Structure formats: structure tokens, C-alpha cells
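For reference, the structure is listed below as C-alpha cells.
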Amino acid sequence: MNTAKILESFELSRSITLKNRIIMAPLTRCFADKDLAPTQLISDYYARRSDTGLIISEATIVTPSGQGYPNTPGIYHQNQINKWKEVTGSVHKNGGQIFCQLWHVGRVSHPTYLTGNKPVAPSSVALSGKVPRTEFEYGTPRALENEEVYDLIKKFKQAALNAIDAGFDGVEIHGANGYLLNQFIHQYTNLRTDEFGGSLKGRAKFTLDIVEQIIEAIGADRVGIRFSPGAYMNQQHTEGDEKTYAYILEELNKKKIAYVHTGIFDDTTTFDYLGGTATSFLRKHFKGNLIASGSYTAAAAIEAIANDKFDLIAIGRDIIANPDYVKKIIDNEKLTEYNQSMLSELY
């Protein structure tokens, strides 16, 4: 493989230059402690992967109502911030850089994580099925009151400030995979008639307000966002949703954020309403840095970057299986094959 381009340094923003174009994808691992704070095992896990150009942390909860899985970390109280400082310190000591992915699951939750309360969402639209890694059935969420929506925007802003305090180099806003921002964007899950629904611009408002508040707090050059314009997980597409995404992306072009990132498991999947893959849709509408994700091999990523289909590649399962992924790409070594049993431990 001609690895030259994928291994060259890359200017992500005016304040951040990456040593290569390989990104560690955000990977929910469910190993936080009882306070939903990272542990030494988590710190060591990220430190071993510091030769990637950028690590994007596992999805990290911005407020207690945002939890939807067992033992996922938060960034909303001081103990969590202190423990994340140990993680970021170990990554920086090894020459790496790390962003914190800011997360609220919305309706993708269960009262067992919420002290008996119902999950919250833009509207009371039920999600069928079971919570992953549990036997819990999803139920019908409670629609957020108007003032609660504004409060959640503030929670995202505070979480971004907490992340910088914890030593992160920036944040990625989780707007993908059927979670809260995604629920506001899609007509199927957003039946609101206030300013956060009822129209294309209304459905875009929650996402754009969060982006604007976080930019105000920490600067656009330290902000990325992940989107799933193809409704492939915890979500359904309604005609016109693609126009909402196009509008959001056009607005983001004006804000000069660090990047947009594709959220999908397999980026060879095409969607008629997007006119192709999720990444090709994002590339068409967003003029800044684009990170692709979704079952790419190094060879496929190298070819796509060379053809300007995206700028950086986020690798997930192969980086779980290969902490030394970048070294193996450099040395053209065979990768250890990922298997699901690897999720039972951090190494």
C-alpha cells in the first residue's frame, strides 16, 4: 500500500495539527466505574492508541438524563472531570491528541438508568426493542418541556467547558445514531410545534444552538460534530429529512468548525434519499474537513482520501483489536482480526 498520504500530518484547524489522518473512532465500551468516571484501565487503553492522529473518546454523557447504557462515562461532575484529566494526561504524555464526544441518548434509554424516571425526547414517540447489553425493553419517552430544551443546550455547553478543563483538545458533538440531536432533526421523532419543531429550521435549531453555544465557549477550531444522515439506527427516515441535514451543513459551513464526521457502521451502504452513501452526502454539502467512518480497511481509506472523497478516516473495530494499528500500517504488518469477544475487556 502507498500509505504516504494517510500518514502525513494534517491541519485540522488553526490551533490543531494532527500527526496523521488516522482517527480512533468513538467506541462505547461500558467500563466506567460506579460514579460513571473513567478508570486507570480506560486511561491505559487510550494511551496505547496515542499514535493515531486523533482519538475521539467513547460517547460521554453531558447530564444524568442522558445515560442509556451501563457504565458509560460522564463529564458533568468534578470527580468525572478529575478522572478524565488522568486519561488526557496519559494520551498527551504519549504524544497524542484527544477530543471528548458529548452525548445525550434521548429516548434510547430506560428508567433503570434514570432513577426510575422516563427517558426524555423531543416528542413522546416510542422506540421498540431492547436496550443493548441488557434485557430491558425500551418504552415511550416523555416529551421535553420548552424550558428543558434550553436547559439541555446549556448542559452541552457546560460539558464542553468541563472537557477543556479535563484536558481534552476539543469536543465532538454526538448528533448521530438516533440519539437526542438526531431525534430533533428527524420528523419521525420530532412532532413539536414550538421553535424546536414544526419546520425544517425548527428541527435544526436544537443542533445549531448547541454548536453555537459550544463555539462561544471553547472556539470553533476545537469543535467537531457527528451525523447520521442515513437513518440506519434507532431512527426512521421521512421525506424531507435530507433537506434538514443539508440546511444544517450549509449553516455549519459558515461557522468554520474543525470537522464533520460520518456516523454509520458500514459506509458502503447507499440511501436513495441521499443520492449515495452517508459520507458522499456530507461531502456534497459540507465544505470543511470530513472524517469518514464505517468498516473501512486501510487500503480502501487510502484510495478514498487520494480521490478526495473525505479527508480523514476513523477506525473502530480494527483499533480495538490492534492498539498498535498505526505502526502496523506503517510496517505493512497483518492486522489482528477483530471479534466480539474483545469487547469483554480493555487492552
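Labels for the C-alpha cells follow display order: chains A, B, ..., residues from 1 in each chain, ligands from 1.
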Tell me, counting only C-alpha atoms, for each residue of region 49-168 of chain A within 10 Å of region 202-208 of chain A, which pair of atoms is nearest and how far apart they are in Å to one decimal, in rows ordered by chain and increasing number, as JSON lines.
{"residue": "A:Pro122", "atom": "CA", "partner": "A:Arg203", "partner_atom": "CA", "distance": 9.7}
{"residue": "A:Val149", "atom": "CA", "partner": "A:Phe206", "partner_atom": "CA", "distance": 7.8}
{"residue": "A:Tyr150", "atom": "CA", "partner": "A:Phe206", "partner_atom": "CA", "distance": 8.5}
{"residue": "A:Leu152", "atom": "CA", "partner": "A:Phe206", "partner_atom": "CA", "distance": 9.3}
{"residue": "A:Ile153", "atom": "CA", "partner": "A:Phe206", "partner_atom": "CA", "distance": 7.4}
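Using only C-alpha atoms, the protein and nucleic acid residues lying no more than 7 Å from region 212-219 of chain A, apart from those fewer than 4 places from it along its own chain, are Lys157, Ala160, Leu161, Leu208 and Val223 of chain A.
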Taking only region 202-329 of chain A into account, list the residues labelled helix (DSSP H, G or I) by DSSP (computed from the backbone), as a PyMOL selection string.
chain A and resi 202-218+220-222+241-253+272-274+278-285+298-306+317-321+325-329
Which residues are close to Gly106 (chain A), i.e. within 9 Å by only C-alpha atoms, leaving aside same-chain residues fewer than 3 positions away? Reply as number ranges by chain.
A: 65-68, 109, 119-122, 141, 178-181, 183
Would you output that residue set with C-alpha atoms, as a PDB file, in the first residue's frame?
ATOM      1  CA  SER A  65     -30.740  12.230  31.982  1.00  0.00           C
ATOM      2  CA  GLY A  66     -28.505  11.389  29.027  1.00  0.00           C
ATOM      3  CA  GLN A  67     -27.499   7.877  30.099  1.00  0.00           C
ATOM      4  CA  GLY A  68     -28.786   4.891  28.138  1.00  0.00           C
ATOM      5  CA  SER A 109     -32.752   4.698  27.396  1.00  0.00           C
ATOM      6  CA  PRO A 119     -36.354   8.892  29.168  1.00  0.00           C
ATOM      7  CA  VAL A 120     -36.744  12.355  27.641  1.00  0.00           C
ATOM      8  CA  ALA A 121     -37.031  13.174  23.947  1.00  0.00           C
ATOM      9  CA  PRO A 122     -38.339  15.857  21.595  1.00  0.00           C
ATOM     10  CA  PRO A 141     -40.262   8.720  26.416  1.00  0.00           C
ATOM     11  CA  GLY A 178     -30.602   8.003  16.631  1.00  0.00           C
ATOM     12  CA  TYR A 179     -29.627   9.836  19.840  1.00  0.00           C
ATOM     13  CA  LEU A 180     -31.039  13.148  21.080  1.00  0.00           C
ATOM     14  CA  LEU A 181     -29.812  15.592  18.412  1.00  0.00           C
ATOM     15  CA  GLN A 183     -34.222  12.827  17.293  1.00  0.00           C
TER      16      GLN A 183
END
Go through A:Ala47, A:Ile225, A:Cys30, A:Val211 one by one, measure the shortest atom-to-atom distance of each to Val260 (chain A) using only C-alpha atoms, and give the residue with the smallest value.
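Of the candidates, the smallest distance to Val260 (chain A) is held by A:Ile225.
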Name all residues at most 10 Å from His77 (chain A) (count only C-alpha atoms; drop same-chain ones fewer than 2 positions away) and give them as an MDAnalysis selection string.
chainID A and resid 35:37 62:64 74:75 79:82 159 162
Near Leu346 (chain A), within 8 Å and counting only C-alpha atoms, which residues show up once chain neighbours fewer than 6 positions away are dropped, as a PyMOL selection string?
chain A and resi 41-42+45
Export of prior selection with C-alpha atoms as a PDB file, in the first residue's frame:
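After the write, part_0.pdb holds the following:
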ATOM      1  CA  LEU A  41      -7.825   0.742  32.729  1.00  0.00           C
ATOM      2  CA  ILE A  42      -9.561   3.274  30.493  1.00  0.00           C
ATOM      3  CA  TYR A  45      -6.476   1.823  26.911  1.00  0.00           C
TER       4      TYR A  45
END
Kindly indicate which residue among A:Asp151, A:Leu191, A:Lys201, A:Lys130 lies nearest to Asn234 (chain A), using only C-alpha atoms for the distances.
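Under the stated criterion, the closest residue is A:Lys130.
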Proximity to Glu8 (chain A) - best of A:Lys154, A:Lys254, A:Lys93, A:Arg21, only C-alpha atoms
A:Arg21
To one decimal in Å, tell me the separation between CA of Ile185 (chain A) and CA of Ile313 (chain A).
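Value for the CA of Ile185 (chain A)-CA of Ile313 (chain A) distance: 25.1 Å.
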Which residue of A:Leu249, A:Ala143, A:Ala59, A:Ala292 approaches Asn177 (chain A) most closely, using only C-alpha atoms:
A:Ala59
Just the number, please: distance in Å from CA of Met24 (chain A) to CA of Ile315 (chain A), one decimal.
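Value for the CA of Met24 (chain A)-CA of Ile315 (chain A) distance: 5.4 Å.
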In Å and to one decimal, CA of Thr88 (chain A) is distant from CA of Thr297 (chain A) by 27.5 Å
Test item, strand (DSSP E or B) assignment across region 26-166 of chain A, answer as a ChimeraX atom specification:
/A:54-61,74,98-103,120-121,130,137,142-143
Convert the current residue selection to file output with C-alpha atoms, as a PDB file, in the first residue's frame.
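Now in result_18.pdb:
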ATOM      1  CA  LEU A  54      -6.669  12.000  16.943  1.00  0.00           C
ATOM      2  CA  ILE A  55      -8.555   9.938  19.497  1.00  0.00           C
ATOM      3  CA  ILE A  56     -12.281  10.612  19.780  1.00  0.00           C
ATOM      4  CA  SER A  57     -13.394   9.391  23.171  1.00  0.00           C
ATOM      5  CA  GLU A  58     -16.215   6.984  23.792  1.00  0.00           C
ATOM      6  CA  ALA A  59     -19.591   8.736  23.964  1.00  0.00           C
ATOM      7  CA  THR A  60     -19.608  10.755  27.186  1.00  0.00           C
ATOM      8  CA  ILE A  61     -22.788  11.811  28.973  1.00  0.00           C
ATOM      9  CA  GLY A  74     -19.967  11.282  32.088  1.00  0.00           C
ATOM     10  CA  ILE A  98      -7.969  13.555  22.151  1.00  0.00           C
ATOM     11  CA  PHE A  99     -11.458  15.014  21.707  1.00  0.00           C
ATOM     12  CA  CYS A 100     -14.378  14.261  24.039  1.00  0.00           C
ATOM     13  CA  GLN A 101     -17.561  13.073  22.336  1.00  0.00           C
ATOM     14  CA  LEU A 102     -20.506  14.803  24.048  1.00  0.00           C
ATOM     15  CA  TRP A 103     -23.626  12.658  24.280  1.00  0.00           C
ATOM     16  CA  VAL A 120     -36.744  12.355  27.641  1.00  0.00           C
ATOM     17  CA  ALA A 121     -37.031  13.174  23.947  1.00  0.00           C
ATOM     18  CA  LYS A 130     -34.243  -3.926  23.830  1.00  0.00           C
ATOM     19  CA  GLU A 137     -37.388  -3.090  26.755  1.00  0.00           C
ATOM     20  CA  ARG A 142     -41.526  11.929  27.962  1.00  0.00           C
ATOM     21  CA  ALA A 143     -41.560  14.974  25.693  1.00  0.00           C
TER      22      ALA A 143
END
Which residues are close to Ser43 (chain A), i.e. within 12 Å by only C-alpha atoms, leaving aside same-chain residues fewer than 5 positions away? Reply as a list in words.
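Here the qualifying residues turn out to be Phe31, Ala32, Ala37, Pro38, Arg48, Arg49, Ser50, Ser57, Glu58, Lys83, Trp84, Lys85, Glu86, Val87, Thr88, Gly89, Ser90, Val91, His92, Lys93, Asn94, Ile98, Leu346 and Tyr347 of chain A.
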Tyr69 (chain A) environment, 10 Å, only C-alpha atoms, sequence neighbours closer than 4 positions dropped, as an MDAnalysis selection string
chainID A and resid 28:30 73 105 108:110 112:113 131:134
Given only C-alpha atoms as the basis, pick out the residue of A:Tyr273, A:Tyr325, A:Phe281, A:Tyr247 nearest to Ala298 (chain A).
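Using only C-alpha atoms, Ala298 (chain A) sits closest to A:Tyr325.
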Restricting the calculation to only C-alpha atoms: of A:Asp165, A:Asp221, A:Glu172, A:Glu11, which residue gets closest to Gly263 (chain A)?
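Smallest separation from Gly263 (chain A) among the options: A:Glu172.
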